[in-house]
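Chemist: I have a structure here, written as structure tokens, and I will follow up with some questions on it.
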Amino acid sequence: MRAGGQGDPVVLLLHGLGATAEVWDGLVPLLPGAWVAPDLPGHGGSAPLPEYTFAAVAEAVADLVDPAGTVVLGHSFGGVVGLHLAGRPGVRKVVGLGI
């Protein structure tokens, strides 16, 4: 998992299928506040899940949502995972790219 910056809200960056958190490296210097970019389950350094559903992957990253406020930015597969996080406490907005 990668993380950096300071401030509110936290931006949770969710990569697409077959990628890793590294895909966000060019974007994170442009973010004004705090950010966190995990490798989704079964990608990069993250352990696999017993089953893969959008809901299961969303549950696996749900603890990264900051209760004080998180904006979720997801690409492709990560965008759909982000939509599954919508409505949880702390999630202010969800932006999906290339879903």
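Just so we're on the same page: first chain in the structure tokens is A, next is B, and so on; residues restart at 1 for each chain, and ligands are numbered from 1 in the order they show up.
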Write out as a VMD selection string each polymer residue whose atoms come within 9 Å of stretch 87-90 of chain A, counting only C-alpha atoms; drop sequence neighbours fewer than 4 positions from it.

Modeler: chain A and resid 62 65 to 71 83

Chemist: Generate a file of the selected residues that holds N, CA, C and O atoms, formatted as a compact mmCIF listing (two decimals), in the first residue's frame.

Modeler:
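Saved as out.txt:
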# COMPACT_ATOMS: atom_id res chain seq x y z
N ALA A 62 -12.55 -1.54 2.74
CA ALA A 62 -13.44 -0.62 3.46
C ALA A 62 -12.78 0.03 4.68
O ALA A 62 -13.10 1.17 5.02
N VAL A 65 -11.33 3.63 4.42
CA VAL A 65 -12.19 4.82 4.38
C VAL A 65 -12.03 5.56 5.70
O VAL A 65 -12.23 5.00 6.78
N ASP A 66 -11.62 6.82 5.62
CA ASP A 66 -11.45 7.66 6.80
C ASP A 66 -12.82 8.17 7.23
O ASP A 66 -13.51 8.82 6.44
N PRO A 67 -13.24 7.89 8.45
CA PRO A 67 -14.55 8.36 8.91
C PRO A 67 -14.73 9.87 8.84
O PRO A 67 -15.84 10.37 8.76
N ALA A 68 -13.62 10.61 8.84
CA ALA A 68 -13.70 12.07 8.76
C ALA A 68 -13.98 12.55 7.35
O ALA A 68 -14.29 13.72 7.16
N GLY A 69 -13.84 11.67 6.36
CA GLY A 69 -14.16 12.05 5.00
C GLY A 69 -13.19 11.48 3.98
O GLY A 69 -11.99 11.70 4.08
N THR A 70 -13.74 10.73 3.04
CA THR A 70 -12.94 10.11 1.98
C THR A 70 -13.61 10.31 0.65
O THR A 70 -14.83 10.15 0.52
N VAL A 71 -12.80 10.66 -0.35
CA VAL A 71 -13.24 10.68 -1.73
C VAL A 71 -12.60 9.47 -2.39
O VAL A 71 -11.39 9.28 -2.32
N LEU A 83 -17.88 2.22 -6.27
CA LEU A 83 -19.33 2.38 -6.21
C LEU A 83 -19.94 1.50 -5.12
O LEU A 83 -20.94 1.87 -4.51

Chemist: If we count only C-alpha atoms and set the cut-off at 7 Å, which residues sit around A:His43, ignoring sequence neighbours fewer than 5 positions away in its own chain? Please answer as a list in words.

Modeler: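 Skipping anything fewer than 5 positions along the chain leaves Gly18, Ala19 and Thr20 of chain A.
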
Chemist: Just want the 9 Å neighbourhood of A:Gln6, counted on only C-alpha atoms, with same-chain residues fewer than 6 positions away dropped. Output as a list of chain:residue names.

Modeler: A:Pro32, A:Gly33, A:Ala34, A:Trp35

Chemist: Point out the residue among A:Leu31, A:Met1, A:Leu17, A:Val81 with the least atom-to-atom distance to A:Glu59, counting only C-alpha atoms.

Modeler: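 Closest residue, counting only C-alpha atoms: A:Val81.
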
Chemist: Would you please work out which residue, of A:Gly4, A:Leu49, A:His15, A:Val61, is nearest to A:Gly98 when using only C-alpha atoms?

Modeler: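 Residue with the minimum atom-to-atom distance to A:Gly98: A:His15.
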
Chemist: Identify which of the residues A:Gly45, A:Ser76, A:Leu13, A:Ala58 lies closest to A:Leu27, counting only C-alpha atoms when measuring atom-to-atom distances.

Modeler: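 Closest to A:Leu27 of all the choices is A:Leu13.
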
Chemist: Could you tell me how far atom CA of A:Leu85 lies from atom CA of A:Gly5, in Å and to one decimal?

Modeler: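 Here the two named atoms are 22.2 Å from each other.
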
Chemist: Would you return as a list in words the members of chain A that DSSP assigns to strand (DSSP E) on this structure's backbone?

Modeler: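 Of chain A, the ones in strand (DSSP E) are Arg2, Ala3, Gly4, Val10, Val11, Leu12, Leu13, Leu14, Trp35, Val36, Ala37, Thr70, Val71, Val72, Leu73, Gly74, His75, Val91, Arg92, Lys93, Val94, Val95, Gly96 and Leu97 of chain A.
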
Chemist: Using only C-alpha atoms, pick whichever of A:Val72, A:Tyr52, A:Pro9, A:Gly78 has the shortest atom-to-atom distance to A:Val94.

Modeler: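 The shortest atom-to-atom distance to A:Val94 comes from A:Val72.
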
Chemist: Measure the distance from atom CA of A:Val36 to atom CA of A:Arg2 in Å and round it to one decimal.

Modeler: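 Pair atom CA of A:Val36 / atom CA of A:Arg2 returns 5.8 Å.
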
Chemist: Using the chain letters and numbers from this document, which residues of chain A does DSSP assign to alpha helix (DSSP H), as a PyMOL selection string?

Modeler: chain A and resi 54-61+77-85

Chemist: Selected residues, C-alpha atoms, written as a PDB file, in the first residue's frame, please.

Modeler:
ATOM      1  CA  PHE A  54     -17.136  -6.447  -6.331  1.00  0.00           C
ATOM      2  CA  ALA A  55     -18.704  -6.477  -2.875  1.00  0.00           C
ATOM      3  CA  ALA A  56     -15.970  -8.747  -1.455  1.00  0.00           C
ATOM      4  CA  VAL A  57     -13.198  -6.512  -2.790  1.00  0.00           C
ATOM      5  CA  ALA A  58     -15.006  -3.419  -1.466  1.00  0.00           C
ATOM      6  CA  GLU A  59     -15.245  -5.057   1.950  1.00  0.00           C
ATOM      7  CA  ALA A  60     -11.506  -5.831   1.825  1.00  0.00           C
ATOM      8  CA  VAL A  61     -10.611  -2.136   1.407  1.00  0.00           C
ATOM      9  CA  PHE A  77     -12.560  -2.454 -11.864  1.00  0.00           C
ATOM     10  CA  GLY A  78     -11.561  -0.087  -9.046  1.00  0.00           C
ATOM     11  CA  GLY A  79     -14.345   2.276 -10.076  1.00  0.00           C
ATOM     12  CA  VAL A  80     -16.965  -0.414  -9.612  1.00  0.00           C
ATOM     13  CA  VAL A  81     -15.398  -1.358  -6.276  1.00  0.00           C
ATOM     14  CA  GLY A  82     -15.644   2.320  -5.350  1.00  0.00           C
ATOM     15  CA  LEU A  83     -19.331   2.376  -6.206  1.00  0.00           C
ATOM     16  CA  HIS A  84     -19.808  -0.495  -3.771  1.00  0.00           C
ATOM     17  CA  LEU A  85     -18.278   1.723  -1.080  1.00  0.00           C
TER      18      LEU A  85
END

Chemist: Identify, on the basis of only C-alpha atoms, every residue whose closest approach to A:Leu14 does not exceed 7 Å; exclude the query and any residue fewer than 2 positions from it along the same chain; express the result as a list in words.

Modeler: Leu12, Gly16, Ala37, Pro38, Leu73, Gly74, His75, Gly78 and Gly79 of chain A

Chemist: Can you tell me how far atom CA of A:Leu30 sits from atom CA of A:Ala47, in Å to one decimal?

Modeler: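 According to the coordinates, atom CA of A:Leu30 and atom CA of A:Ala47 are separated by 29.2 Å.
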